[in-house]
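Shown next: structure-v2.cif, containing mmCIF, C-alpha atoms.
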data_entry
loop_
_atom_site.group_PDB
_atom_site.id
_atom_site.type_symbol
_atom_site.label_atom_id
_atom_site.label_comp_id
_atom_site.auth_asym_id
_atom_site.auth_seq_id
_atom_site.Cartn_x
_atom_site.Cartn_y
_atom_site.Cartn_z
ATOM 1 C CA ILE A 21 0.000 0.000 0.000
ATOM 2 C CA LYS A 22 2.820 2.388 0.912
ATOM 3 C CA GLU A 23 4.494 1.811 -2.465
ATOM 4 C CA LEU A 24 1.202 2.221 -4.343
ATOM 5 C CA ILE A 25 0.512 5.515 -2.582
ATOM 6 C CA PHE A 26 4.030 6.738 -3.392
ATOM 7 C CA GLU A 27 3.809 5.646 -7.047
ATOM 8 C CA ALA A 28 0.341 7.153 -7.515
ATOM 9 C CA GLY A 29 1.426 10.540 -6.180
ATOM 10 C CA ASN A 30 -1.452 12.954 -6.643
ATOM 11 C CA THR A 31 -2.968 11.166 -9.643
ATOM 12 C CA ILE A 32 -5.341 8.943 -7.665
ATOM 13 C CA ASP A 33 -6.119 8.293 -4.007
ATOM 14 C CA ILE A 34 -5.271 4.857 -2.652
ATOM 15 C CA LEU A 35 -7.482 3.939 0.306
ATOM 16 C CA PRO A 36 -6.251 1.132 2.535
ATOM 17 C CA GLY A 37 -9.101 -0.993 3.848
ATOM 18 C CA ALA A 38 -10.040 -4.225 5.647
ATOM 19 C CA GLY A 39 -9.419 -4.647 9.329
ATOM 20 C CA ILE A 40 -8.789 -0.978 10.057
ATOM 21 C CA ASN A 41 -9.977 0.243 13.430
ATOM 22 C CA SER A 42 -9.172 2.923 15.988
ATOM 23 C CA LYS A 43 -6.388 0.777 17.441
ATOM 24 C CA ASN A 44 -4.375 0.502 14.219
ATOM 25 C CA ALA A 45 -5.464 3.478 12.088
ATOM 26 C CA LYS A 46 -2.768 5.903 13.293
ATOM 27 C CA ASP A 47 0.035 3.382 12.681
ATOM 28 C CA LEU A 48 -1.345 2.673 9.205
ATOM 29 C CA ILE A 49 -1.549 6.382 8.380
ATOM 30 C CA ASP A 50 1.971 7.000 9.720
ATOM 31 C CA TYR A 51 3.474 4.069 7.823
ATOM 32 C CA THR A 52 1.732 4.447 4.467
ATOM 33 C CA GLY A 53 1.199 8.203 4.267
ATOM 34 C CA CYS A 54 -2.400 7.610 3.189
ATOM 35 C CA LYS A 55 -4.791 10.563 3.200
ATOM 36 C CA GLU A 56 -7.946 8.484 3.569
ATOM 37 C CA ILE A 57 -8.928 5.041 4.817
ATOM 38 C CA HIS A 58 -11.853 2.757 4.099
ATOM 39 C CA THR A 59 -13.516 1.067 7.051
ATOM 40 C CA SER A 60 -16.951 -0.220 7.908
ATOM 41 C CA ALA A 61 -16.357 -0.044 11.694
ATOM 42 C CA LYS A 62 -18.580 -3.097 11.964
ATOM 43 C CA MET A 63 -18.497 -5.972 14.368
ATOM 44 C CA TYR A 64 -20.692 -8.953 15.043
ATOM 45 C CA LEU A 65 -22.913 -8.524 18.067
ATOM 46 C CA GLN A 66 -25.994 -10.252 19.369
ATOM 47 C CA PRO A 67 -29.142 -8.177 18.740
ATOM 48 C CA ASP A 68 -30.286 -8.709 22.321
ATOM 49 C CA SER A 69 -27.311 -6.698 23.575
ATOM 50 C CA ASN A 70 -28.123 -3.705 25.742
ATOM 51 C CA GLU A 71 -25.426 -1.582 24.124
ATOM 52 C CA SER A 72 -26.972 1.756 23.170
ATOM 53 C CA ASN A 73 -24.090 3.000 21.017
ATOM 54 C CA PHE A 74 -24.579 0.370 18.310
ATOM 55 C CA GLN A 75 -26.738 0.402 15.205
ATOM 56 C CA PHE A 76 -27.822 -3.056 14.045
ATOM 57 C CA ARG A 77 -28.476 -4.520 10.622
ATOM 58 C CA LYS A 78 -28.469 -7.929 9.066
ATOM 59 C CA ASP A 79 -25.226 -8.946 7.414
ATOM 60 C CA ILE A 80 -25.906 -8.862 3.667
ATOM 61 C CA TYR A 81 -23.647 -11.874 3.066
ATOM 62 C CA ASP A 82 -24.619 -14.076 5.994
ATOM 63 C CA PHE A 83 -28.168 -13.655 7.222
ATOM 64 C CA SER A 84 -27.464 -15.726 10.333
ATOM 65 C CA ASN A 85 -25.252 -12.930 11.654
ATOM 66 C CA THR A 86 -26.139 -9.443 12.712
ATOM 67 C CA THR A 87 -23.591 -6.705 12.240
ATOM 68 C CA ALA A 88 -23.354 -3.691 14.439
ATOM 69 C CA VAL A 89 -21.658 -0.378 13.886
ATOM 70 C CA ASN A 90 -20.170 1.050 17.046
ATOM 71 C CA ILE A 91 -20.838 4.778 16.931
ATOM 72 C CA ASN A 92 -17.995 5.464 19.371
ATOM 73 C CA GLU A 93 -15.578 3.614 17.050
ATOM 74 C CA VAL A 94 -16.692 5.783 14.127
ATOM 75 C CA ILE A 95 -16.158 8.938 16.195
ATOM 76 C CA MET A 96 -12.670 7.797 17.276
ATOM 77 C CA LEU A 97 -11.720 6.938 13.690
ATOM 78 C CA LYS A 98 -12.872 10.357 12.459
ATOM 79 C CA GLU A 99 -10.767 12.050 15.134
ATOM 80 C CA ILE A 100 -7.684 10.012 14.183
ATOM 81 C CA ILE A 101 -8.138 10.691 10.475
ATOM 82 C CA ASN A 102 -8.653 14.422 11.011
ATOM 83 C CA LYS A 103 -5.653 14.686 13.322
ATOM 84 C CA PHE A 104 -3.086 12.553 11.522
ATOM 85 C CA THR A 105 -3.778 12.636 7.772
ATOM 86 C CA PRO A 106 -1.982 15.210 5.637
#

Any chance you could put this one into C-alpha coordinates?
Amino acid sequence: IKELIFEAGNTIDILPGAGINSKNAKDLIDYTGCKEIHTSAKMYLQPDSNESNFQFRKDIYDFSNTTAVNINEVIMLKEIINKFTP
(Lines of atoms letter the chains of each structure in order from A and count residues from 1; the text may use other names and numbers.)
(Lines give C-alpha, C1' and ligand atoms only; values in the text may rest on other atoms or scores of the structure.)
Protein backbone atom coordinates (compact mmCIF):
# COMPACT_ATOMS: atom_id res chain seq x y z
CA ILE A 1 0.00 0.00 0.00
CA LYS A 2 2.82 2.39 0.91
CA GLU A 3 4.49 1.81 -2.47
CA LEU A 4 1.20 2.22 -4.34
CA ILE A 5 0.51 5.52 -2.58
CA PHE A 6 4.03 6.74 -3.39
CA GLU A 7 3.81 5.65 -7.05
CA ALA A 8 0.34 7.15 -7.52
CA GLY A 9 1.43 10.54 -6.18
CA ASN A 10 -1.45 12.95 -6.64
CA THR A 11 -2.97 11.17 -9.64
CA ILE A 12 -5.34 8.94 -7.67
CA ASP A 13 -6.12 8.29 -4.01
CA ILE A 14 -5.27 4.86 -2.65
CA LEU A 15 -7.48 3.94 0.31
CA PRO A 16 -6.25 1.13 2.53
CA GLY A 17 -9.10 -0.99 3.85
CA ALA A 18 -10.04 -4.22 5.65
CA GLY A 19 -9.42 -4.65 9.33
CA ILE A 20 -8.79 -0.98 10.06
CA ASN A 21 -9.98 0.24 13.43
CA SER A 22 -9.17 2.92 15.99
CA LYS A 23 -6.39 0.78 17.44
CA ASN A 24 -4.38 0.50 14.22
CA ALA A 25 -5.46 3.48 12.09
CA LYS A 26 -2.77 5.90 13.29
CA ASP A 27 0.03 3.38 12.68
CA LEU A 28 -1.35 2.67 9.20
CA ILE A 29 -1.55 6.38 8.38
CA ASP A 30 1.97 7.00 9.72
CA TYR A 31 3.47 4.07 7.82
CA THR A 32 1.73 4.45 4.47
CA GLY A 33 1.20 8.20 4.27
CA CYS A 34 -2.40 7.61 3.19
CA LYS A 35 -4.79 10.56 3.20
CA GLU A 36 -7.95 8.48 3.57
CA ILE A 37 -8.93 5.04 4.82
CA HIS A 38 -11.85 2.76 4.10
CA THR A 39 -13.52 1.07 7.05
CA SER A 40 -16.95 -0.22 7.91
CA ALA A 41 -16.36 -0.04 11.69
CA LYS A 42 -18.58 -3.10 11.96
CA MET A 43 -18.50 -5.97 14.37
CA TYR A 44 -20.69 -8.95 15.04
CA LEU A 45 -22.91 -8.52 18.07
CA GLN A 46 -25.99 -10.25 19.37
CA PRO A 47 -29.14 -8.18 18.74
CA ASP A 48 -30.29 -8.71 22.32
CA SER A 49 -27.31 -6.70 23.58
CA ASN A 50 -28.12 -3.71 25.74
CA GLU A 51 -25.43 -1.58 24.12
CA SER A 52 -26.97 1.76 23.17
CA ASN A 53 -24.09 3.00 21.02
CA PHE A 54 -24.58 0.37 18.31
CA GLN A 55 -26.74 0.40 15.21
CA PHE A 56 -27.82 -3.06 14.04
CA ARG A 57 -28.48 -4.52 10.62
CA LYS A 58 -28.47 -7.93 9.07
CA ASP A 59 -25.23 -8.95 7.41
CA ILE A 60 -25.91 -8.86 3.67
CA TYR A 61 -23.65 -11.87 3.07
CA ASP A 62 -24.62 -14.08 5.99
CA PHE A 63 -28.17 -13.65 7.22
CA SER A 64 -27.46 -15.73 10.33
CA ASN A 65 -25.25 -12.93 11.65
CA THR A 66 -26.14 -9.44 12.71
CA THR A 67 -23.59 -6.70 12.24
CA ALA A 68 -23.35 -3.69 14.44
CA VAL A 69 -21.66 -0.38 13.89
CA ASN A 70 -20.17 1.05 17.05
CA ILE A 71 -20.84 4.78 16.93
CA ASN A 72 -17.99 5.46 19.37
CA GLU A 73 -15.58 3.61 17.05
CA VAL A 74 -16.69 5.78 14.13
CA ILE A 75 -16.16 8.94 16.20
CA MET A 76 -12.67 7.80 17.28
CA LEU A 77 -11.72 6.94 13.69
CA LYS A 78 -12.87 10.36 12.46
CA GLU A 79 -10.77 12.05 15.13
CA ILE A 80 -7.68 10.01 14.18
CA ILE A 81 -8.14 10.69 10.48
CA ASN A 82 -8.65 14.42 11.01
CA LYS A 83 -5.65 14.69 13.32
CA PHE A 84 -3.09 12.55 11.52
CA THR A 85 -3.78 12.64 7.77
CA PRO A 86 -1.98 15.21 5.64

- Item | Distance criterion (all atoms listed in the file): nearest to Gly29 of chain A out of A:Met96, A:Ile101, A:Gly53, A:Asn41 | A:Gly53

- Query: Which residues fall under the PyMOL selection byres ((chain A and resi 61) around 7) in this file, as a PyMOL selection string?
  - Reply: chain A and resi 41+59-60+62-63+89-90+93-94

- Task: Quote the spacing between atom CA of Ile32 of chain A and atom CA of Ala45 of chain A in Å to one decimal place.
- Result: 20.5 Å

- Message: Report, in Å with one decimal, the straight-line distance from atom CA of Ile57 of chain A to atom CA of Ile100 of chain A.
- Response: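 According to the coordinates, atom CA of Ile57 of chain A and atom CA of Ile100 of chain A are separated by 10.7 Å.
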
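Residues matched by the PyMOL selection byres ((chain A and resi 21) around 12) in this file: Lys22, Glu23, Leu24, Ile25, Phe26, Glu27, Ala28, Asp33, Ile34, Leu35, Pro36, Gly37, Leu48, Ile49, Tyr51, Thr52, Gly53, Cys54 and Ile57 of chain A.
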
- Message: Between atom CA of Asn92 of chain A and atom CA of Ile40 of chain A, what is the distance in Å, rounded to a tenth?
- Response: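 Atom CA of Ile40 of chain A lies 14.6 Å from atom CA of Asn92 of chain A.
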
- Note on the structure: Among A:Pro106, A:Glu99, A:Asn30, A:Ile91, Lys55 of chain A is approached most closely, using only C-alpha atoms, by A:Pro106

Report as lines of an AutoDock Vina configuration file the centre and the edge lengths, in Å to one decimal, of the axis-aligned box holding every listed atom of segment 42-45 of chain A, padded by 8 Å on each side.
center_x = -6.8
center_y = 2.0
center_z = 14.8
size_x = 20.8
size_y = 19.0
size_z = 21.4
